[in-house]
$ cat run.cif   # mmCIF, C-alpha atoms
data_data
#
loop_
_atom_site.label_atom_id
_atom_site.label_comp_id
_atom_site.auth_asym_id
_atom_site.auth_seq_id
_atom_site.Cartn_x
_atom_site.Cartn_y
_atom_site.Cartn_z
CA LYS F 1 -48.59 -28.20 -42.04
CA GLN F 2 -47.78 -31.91 -42.30
CA GLU F 3 -45.24 -32.87 -44.96
CA VAL F 4 -44.36 -36.41 -45.97
CA THR F 5 -41.13 -37.30 -47.75
CA GLN F 6 -40.22 -40.61 -49.32
CA ILE F 7 -36.70 -41.70 -50.15
CA PRO F 8 -35.58 -42.91 -52.61
CA ALA F 9 -37.82 -41.61 -55.39
CA ALA F 10 -36.97 -44.66 -57.50
CA LEU F 11 -35.27 -47.97 -56.82
CA SER F 12 -34.24 -50.86 -59.05
CA VAL F 13 -33.17 -54.18 -57.55
CA PRO F 14 -32.58 -57.73 -58.79
CA GLU F 15 -35.14 -60.36 -57.92
CA GLY F 16 -34.66 -61.98 -54.51
CA GLU F 17 -33.15 -58.97 -52.76
CA ASN F 18 -34.48 -57.62 -49.49
CA LEU F 19 -35.14 -53.88 -49.59
CA VAL F 20 -36.21 -50.96 -47.42
CA LEU F 21 -38.32 -47.97 -48.39
CA ASN F 22 -38.21 -44.89 -46.20
CA CYS F 23 -40.88 -42.39 -45.20
CA SER F 24 -40.51 -39.34 -42.96
CA PHE F 25 -43.10 -36.86 -41.70
CA THR F 26 -42.75 -33.48 -40.03
CA ASP F 27 -45.58 -33.50 -37.48
CA SER F 28 -45.53 -36.44 -35.05
CA ALA F 29 -49.15 -35.82 -33.92
CA ILE F 30 -50.63 -38.56 -36.07
CA TYR F 31 -53.39 -41.14 -35.58
CA ASN F 32 -51.91 -43.71 -37.93
CA LEU F 33 -49.66 -44.31 -40.92
CA GLN F 34 -50.60 -46.32 -43.95
CA TRP F 35 -48.54 -47.85 -46.75
CA PHE F 36 -50.12 -48.25 -50.18
CA ARG F 37 -49.15 -49.80 -53.47
CA GLN F 38 -50.12 -48.21 -56.78
CA ASP F 39 -49.77 -49.93 -60.14
CA PRO F 40 -49.57 -47.75 -63.29
CA GLY F 41 -52.96 -46.29 -64.18
CA LYS F 42 -54.62 -47.90 -61.19
CA GLY F 43 -55.95 -46.89 -57.80
CA LEU F 44 -54.26 -47.50 -54.47
CA THR F 45 -54.13 -50.81 -52.66
CA SER F 46 -53.66 -50.68 -48.90
CA LEU F 47 -50.76 -52.80 -47.71
CA LEU F 48 -50.35 -52.06 -44.01
CA LEU F 49 -51.80 -49.66 -41.45
CA ILE F 50 -49.93 -48.87 -38.24
CA GLN F 51 -51.78 -47.11 -35.42
CA SER F 52 -49.87 -44.39 -33.56
CA SER F 53 -49.59 -46.65 -30.52
CA GLN F 54 -47.99 -49.48 -32.50
CA ARG F 55 -44.35 -49.99 -33.52
CA GLU F 56 -44.77 -52.34 -36.46
CA GLN F 57 -47.11 -54.39 -38.60
CA THR F 58 -46.40 -57.45 -40.73
CA SER F 59 -48.18 -59.00 -43.68
CA GLY F 60 -46.49 -61.83 -45.53
CA ARG F 61 -43.19 -60.58 -46.94
CA LEU F 62 -43.92 -57.00 -45.85
CA ASN F 63 -43.02 -55.42 -42.55
CA ALA F 64 -43.67 -51.78 -41.71
CA SER F 65 -42.24 -50.00 -38.69
CA LEU F 66 -43.19 -46.70 -37.10
CA ASP F 67 -41.10 -44.39 -34.92
CA LYS F 68 -43.57 -41.61 -34.21
CA SER F 69 -41.28 -39.49 -32.08
CA SER F 70 -38.66 -39.22 -34.80
CA GLY F 71 -41.24 -38.98 -37.59
CA ARG F 72 -40.11 -42.03 -39.52
CA SER F 73 -41.49 -45.23 -41.00
CA THR F 74 -39.89 -47.95 -43.06
CA LEU F 75 -41.39 -50.59 -45.31
CA TYR F 76 -39.27 -53.73 -45.53
CA ILE F 77 -39.89 -56.10 -48.44
CA ALA F 78 -38.28 -59.53 -48.16
CA ALA F 79 -37.24 -61.67 -51.10
CA SER F 80 -38.48 -59.22 -53.72
CA GLN F 81 -40.28 -60.50 -56.83
CA PRO F 82 -40.96 -58.91 -60.24
CA GLY F 83 -44.62 -58.71 -59.23
CA ASP F 84 -43.63 -56.29 -56.47
CA SER F 85 -42.81 -53.67 -59.12
CA ALA F 86 -45.06 -50.68 -58.45
CA THR F 87 -45.07 -47.29 -56.75
CA TYR F 88 -45.23 -47.45 -52.96
CA LEU F 89 -46.88 -44.55 -51.15
CA CYS F 90 -46.73 -43.65 -47.50
CA ALA F 91 -49.53 -41.59 -45.94
CA VAL F 92 -50.14 -40.24 -42.44
CA ARG F 93 -53.51 -39.55 -40.81
CA GLY F 94 -53.52 -36.55 -38.53
CA ASN F 95 -55.95 -33.65 -38.50
CA THR F 96 -56.25 -34.00 -42.28
CA PRO F 97 -57.45 -37.31 -43.69
CA LEU F 98 -54.22 -38.74 -45.11
CA VAL F 99 -51.27 -36.66 -46.24
CA PHE F 100 -49.27 -38.56 -48.85
CA GLY F 101 -45.67 -38.64 -49.91
CA LYS F 102 -44.77 -38.65 -53.60
CA GLY F 103 -43.95 -42.35 -53.52
CA THR F 104 -41.05 -44.63 -54.33
CA ARG F 105 -41.13 -46.27 -57.76
CA LEU F 106 -39.80 -49.82 -57.35
CA SER F 107 -38.60 -52.03 -60.19
CA VAL F 108 -37.67 -55.63 -59.44
CA ILE F 109 -35.66 -57.13 -62.27
CA ALA F 110 -35.99 -60.84 -63.04
CA GLY K 1 -67.48 -58.09 -51.59
CA ALA K 2 -67.55 -55.16 -53.99
CA GLY K 3 -64.93 -52.51 -53.55
CA VAL K 4 -65.13 -48.77 -54.16
CA SER K 5 -66.25 -47.98 -57.69
CA GLN K 6 -65.92 -44.73 -59.63
CA THR K 7 -67.53 -43.58 -62.83
CA PRO K 8 -66.59 -42.63 -65.43
CA SER K 9 -63.12 -44.12 -65.60
CA ASN K 10 -62.09 -41.43 -68.07
CA LYS K 11 -63.59 -38.03 -68.79
CA VAL K 12 -62.44 -35.60 -71.47
CA THR K 13 -64.02 -32.17 -71.45
CA GLU K 14 -63.41 -28.70 -72.80
CA LYS K 15 -62.27 -25.73 -70.78
CA GLY K 16 -65.20 -23.98 -69.17
CA LYS K 17 -67.52 -27.00 -69.08
CA TYR K 18 -69.16 -28.57 -66.03
CA VAL K 19 -68.34 -32.15 -64.96
CA GLU K 20 -69.62 -34.60 -62.39
CA LEU K 21 -67.62 -37.53 -61.04
CA ARG K 22 -69.33 -40.31 -59.13
CA CYS K 23 -68.14 -42.54 -56.29
CA ASP K 24 -69.84 -45.65 -54.91
CA PRO K 25 -68.24 -46.56 -51.57
CA ILE K 26 -68.07 -49.97 -49.95
CA SER K 27 -71.49 -50.84 -48.56
CA GLY K 28 -71.81 -49.80 -44.93
CA HIS K 29 -68.82 -47.46 -44.91
CA THR K 30 -69.79 -44.20 -43.26
CA ALA K 31 -66.68 -42.22 -44.16
CA LEU K 32 -65.96 -41.16 -47.73
CA TYR K 33 -62.97 -39.18 -49.03
CA TRP K 34 -62.06 -37.46 -52.29
CA TYR K 35 -58.45 -36.97 -53.35
CA ARG K 36 -56.79 -35.59 -56.47
CA GLN K 37 -53.57 -36.99 -57.92
CA SER K 38 -51.44 -35.18 -60.48
CA LEU K 39 -48.77 -36.94 -62.50
CA GLY K 40 -45.76 -37.91 -60.41
CA GLN K 41 -47.36 -36.73 -57.17
CA GLY K 42 -49.06 -38.38 -54.25
CA PRO K 43 -52.81 -37.91 -53.84
CA GLU K 44 -53.94 -34.63 -52.26
CA PHE K 45 -56.94 -34.47 -49.95
CA LEU K 46 -60.01 -32.59 -51.19
CA ILE K 47 -63.01 -33.34 -48.96
CA TYR K 48 -64.20 -35.83 -46.36
CA PHE K 49 -67.78 -36.92 -45.56
CA GLN K 50 -68.96 -38.60 -42.39
CA GLY K 51 -72.45 -39.78 -43.30
CA THR K 52 -74.24 -37.14 -45.33
CA GLY K 53 -72.32 -34.14 -44.10
CA ALA K 54 -68.98 -32.74 -45.23
CA ALA K 55 -66.86 -33.03 -42.10
CA ASP K 56 -63.80 -31.41 -43.67
CA ASP K 57 -63.70 -29.57 -47.00
CA SER K 58 -60.45 -27.74 -46.37
CA GLY K 59 -58.74 -29.36 -49.37
CA LEU K 60 -61.12 -28.02 -52.02
CA PRO K 61 -58.97 -25.66 -54.10
CA ASN K 62 -61.67 -23.04 -54.80
CA ASP K 63 -65.42 -22.53 -55.07
CA ARG K 64 -65.59 -24.19 -58.49
CA PHE K 65 -65.34 -27.51 -56.67
CA PHE K 66 -68.27 -28.94 -54.75
CA ALA K 67 -69.22 -32.40 -53.51
CA VAL K 68 -72.41 -33.96 -52.18
CA ARG K 69 -73.44 -37.18 -50.50
CA PRO K 70 -77.20 -36.74 -50.02
CA GLU K 71 -78.08 -40.21 -48.71
CA GLY K 72 -74.84 -41.08 -46.98
CA SER K 73 -73.73 -43.53 -49.64
CA VAL K 74 -72.96 -42.43 -53.21
CA SER K 75 -71.03 -39.18 -53.59
CA THR K 76 -70.68 -36.82 -56.53
CA LEU K 77 -67.79 -34.42 -57.03
CA LYS K 78 -68.82 -31.46 -59.16
CA ILE K 79 -66.46 -29.11 -60.96
CA GLN K 80 -67.76 -25.94 -62.58
CA ARG K 81 -66.05 -23.91 -65.31
CA THR K 82 -63.27 -26.47 -65.66
CA GLU K 83 -59.73 -25.29 -66.28
CA ARG K 84 -56.77 -27.12 -67.83
CA GLY K 85 -55.13 -27.21 -64.39
CA ASP K 86 -57.99 -29.39 -63.13
CA SER K 87 -56.68 -32.27 -65.24
CA ALA K 88 -55.73 -35.07 -62.85
CA VAL K 89 -56.89 -38.43 -61.52
CA TYR K 90 -59.67 -38.01 -58.98
CA LEU K 91 -59.64 -40.76 -56.37
CA CYS K 92 -62.37 -41.73 -53.96
CA ALA K 93 -61.87 -43.78 -50.79
CA SER K 94 -64.10 -45.08 -48.03
CA SER K 95 -63.59 -46.42 -44.55
CA SER K 96 -65.83 -47.88 -41.90
CA ASN K 97 -64.97 -45.23 -39.33
CA LYS K 98 -63.17 -41.95 -39.04
CA GLY K 99 -59.47 -41.97 -38.31
CA ALA K 100 -58.68 -45.43 -37.08
CA ASP K 101 -59.55 -47.51 -40.07
CA THR K 102 -57.96 -48.40 -43.35
CA GLN K 103 -59.09 -46.33 -46.32
CA TYR K 104 -60.01 -48.37 -49.39
CA PHE K 105 -59.53 -46.62 -52.71
CA GLY K 106 -61.40 -46.81 -55.98
CA PRO K 107 -59.65 -46.99 -59.38
CA GLY K 108 -60.07 -43.26 -59.96
CA THR K 109 -61.47 -41.06 -62.71
CA ARG K 110 -58.93 -39.57 -65.09
CA LEU K 111 -60.13 -36.07 -65.98
CA THR K 112 -58.61 -34.31 -68.98
CA VAL K 113 -59.55 -30.70 -69.66
CA LEU K 114 -58.65 -29.58 -73.18
#
$ encode --input "run.cif" --output "structure tokens"
Amino acid sequence: KQEVTQIPAALSVPEGENLVLNCSFTDSAIYNLQWFRQDPGKGLTSLLLIQSSQREQTSGRLNASLDKSSGRSTLYIAASQPGDSATYLCAVRGNTPLVFGKGTRLSVIA
Amino acid sequence: GAGVSQTPSNKVTEKGKYVELRCDPISGHTALYWYRQSLGQGPEFLIYFQGTGAADDSGLPNDRFFAVRPEGSVSTLKIQRTERGDSAVYLCASSSNKGADTQYFGPGTRLTVL
């Protein structure tokens, strides 16, 4: 059974810092990996999707990498802003449509 | 264009009652997914539709839960004899194709069973 772990569970950084969020998964037989953002009381917003054949994807200040063989992904956020404060969820698509981690709660302090 | 919409946004019911939660996917999306999210947890998969048929219902916790998508667009998640443990946010997502494509999520329905 696929399990997804996200470290750290919570992170607080001053504005302007670069930061890395980590995601690991136990079964490397995946189709893709997706990073989401969730604001309190809201649904999920898709940030980046990496297909199993890809190594990384970039969107603006966000860069996500995928190392399928070792079961790891990272989300890099450059020059963090207070508006980046949210919970970031990693999810993998294998035989089950999306298995999620518990998320990393990010606070960016102005 | 319009995103995924879910109604109601909040539902409070009493233990033992029946509830229906509705999801309107993005127009033209053939795949539709239901997830359930408890406080402090990531969403958990419930059921997946490809068109009108349930392609994977392995995440439904028991036979009190049922979902339909009769015309391949709108879906309804039905919960019979609700229990306090059913309290959670129920999220719906849609995508244009199975597997390869980004899933787009609705805002969710917060269900509270008293």
$ resolve_selection --input "run.cif" --expression "the PyMOL selection byres ((chain F) within 8 of (chain K))" --output "MDAnalysis selection string"
chainID F and resid 31:32 34 42:46 49 51 89 93 96:103
$ write_last_selection --input "run.cif" --atoms "C-alpha atoms" --output "PDB file, in the frame of the given file"
ATOM      1  CA  TYR F  31     -53.390 -41.140 -35.580  1.00  0.00           C
ATOM      2  CA  ASN F  32     -51.910 -43.710 -37.930  1.00  0.00           C
ATOM      3  CA  GLN F  34     -50.600 -46.320 -43.950  1.00  0.00           C
ATOM      4  CA  LYS F  42     -54.620 -47.900 -61.190  1.00  0.00           C
ATOM      5  CA  GLY F  43     -55.950 -46.890 -57.800  1.00  0.00           C
ATOM      6  CA  LEU F  44     -54.260 -47.500 -54.470  1.00  0.00           C
ATOM      7  CA  THR F  45     -54.130 -50.810 -52.660  1.00  0.00           C
ATOM      8  CA  SER F  46     -53.660 -50.680 -48.900  1.00  0.00           C
ATOM      9  CA  LEU F  49     -51.800 -49.660 -41.450  1.00  0.00           C
ATOM     10  CA  GLN F  51     -51.780 -47.110 -35.420  1.00  0.00           C
ATOM     11  CA  LEU F  89     -46.880 -44.550 -51.150  1.00  0.00           C
ATOM     12  CA  ARG F  93     -53.510 -39.550 -40.810  1.00  0.00           C
ATOM     13  CA  THR F  96     -56.250 -34.000 -42.280  1.00  0.00           C
ATOM     14  CA  PRO F  97     -57.450 -37.310 -43.690  1.00  0.00           C
ATOM     15  CA  LEU F  98     -54.220 -38.740 -45.110  1.00  0.00           C
ATOM     16  CA  VAL F  99     -51.270 -36.660 -46.240  1.00  0.00           C
ATOM     17  CA  PHE F 100     -49.270 -38.560 -48.850  1.00  0.00           C
ATOM     18  CA  GLY F 101     -45.670 -38.640 -49.910  1.00  0.00           C
ATOM     19  CA  LYS F 102     -44.770 -38.650 -53.600  1.00  0.00           C
ATOM     20  CA  GLY F 103     -43.950 -42.350 -53.520  1.00  0.00           C
TER      21      GLY F 103
END
$ resolve_selection --input "run.cif" --expression "the PyMOL selection byres ((chain F and resi 70) around 9)" --output "PyMOL selection string"
chain F and resi 24-26+28+67-69+71-72
$ resolve_selection --input "run.cif" --expression "the PyMOL selection byres ((chain K and resi 27) around 12)" --output "ChimeraX atom specification"
/K:1-5,23-26,28-32,72-74,94-96,104
$ closest_residue --input "run.cif" --among "F:Ala29, F:Arg61, F:Ala10, F:Val20" --to "F:Asn95" --atoms "all atoms listed in the file"
F:Ala29
$ atom_distance --input "run.cif" --atom1 "atom CA of F:Gln38" --atom2 "atom CA of F:Cys90"
10.9 Å
$ atom_distance --input "run.cif" --atom1 "atom CA of F:Asp27" --atom2 "atom CA of F:Thr5"
11.8 Å
$ atom_distance --input "run.cif" --atom1 "atom CA of K:Asn62" --atom2 "atom CA of F:Val92"
24.1 Å
$ residues_around --input "run.cif" --residues "F:Ser73" --least-positions-apart "5" --cutoff "7 Å" --atoms "only C-alpha atoms" --output "CSV table (one decimal) with C-alpha atoms, in the frame of the given file"
chain,number,residue,atom,x,y,z
F,22,ASN,CA,-38.2,-44.9,-46.2
F,23,CYS,CA,-40.9,-42.4,-45.2
F,24,SER,CA,-40.5,-39.3,-43.0
F,64,ALA,CA,-43.7,-51.8,-41.7
F,65,SER,CA,-42.2,-50.0,-38.7
F,66,LEU,CA,-43.2,-46.7,-37.1
F,67,ASP,CA,-41.1,-44.4,-34.9
$ residues_around --input "run.cif" --residues "stretch 75-86 of chain F" --least-positions-apart "5" --cutoff "6 Å" --atoms "only C-alpha atoms" --output "number ranges by chain"
F: 15-21, 38-39, 61-64, 105-109
$ write_last_selection --input "run.cif" --atoms "C-alpha atoms" --output "compact mmCIF listing (two decimals), keeping the file's coordinate frame"
# COMPACT_ATOMS: atom_id res chain seq x y z
CA GLU F 15 -35.14 -60.36 -57.92
CA GLY F 16 -34.66 -61.98 -54.51
CA GLU F 17 -33.15 -58.97 -52.76
CA ASN F 18 -34.48 -57.62 -49.49
CA LEU F 19 -35.14 -53.88 -49.59
CA VAL F 20 -36.21 -50.96 -47.42
CA LEU F 21 -38.32 -47.97 -48.39
CA GLN F 38 -50.12 -48.21 -56.78
CA ASP F 39 -49.77 -49.93 -60.14
CA ARG F 61 -43.19 -60.58 -46.94
CA LEU F 62 -43.92 -57.00 -45.85
CA ASN F 63 -43.02 -55.42 -42.55
CA ALA F 64 -43.67 -51.78 -41.71
CA ARG F 105 -41.13 -46.27 -57.76
CA LEU F 106 -39.80 -49.82 -57.35
CA SER F 107 -38.60 -52.03 -60.19
CA VAL F 108 -37.67 -55.63 -59.44
CA ILE F 109 -35.66 -57.13 -62.27
$ closest_residue --input "run.cif" --among "K:Arg22, K:Leu111, K:Ala88, K:Ser38" --to "K:Arg69" --atoms "only C-alpha atoms"
K:Arg22
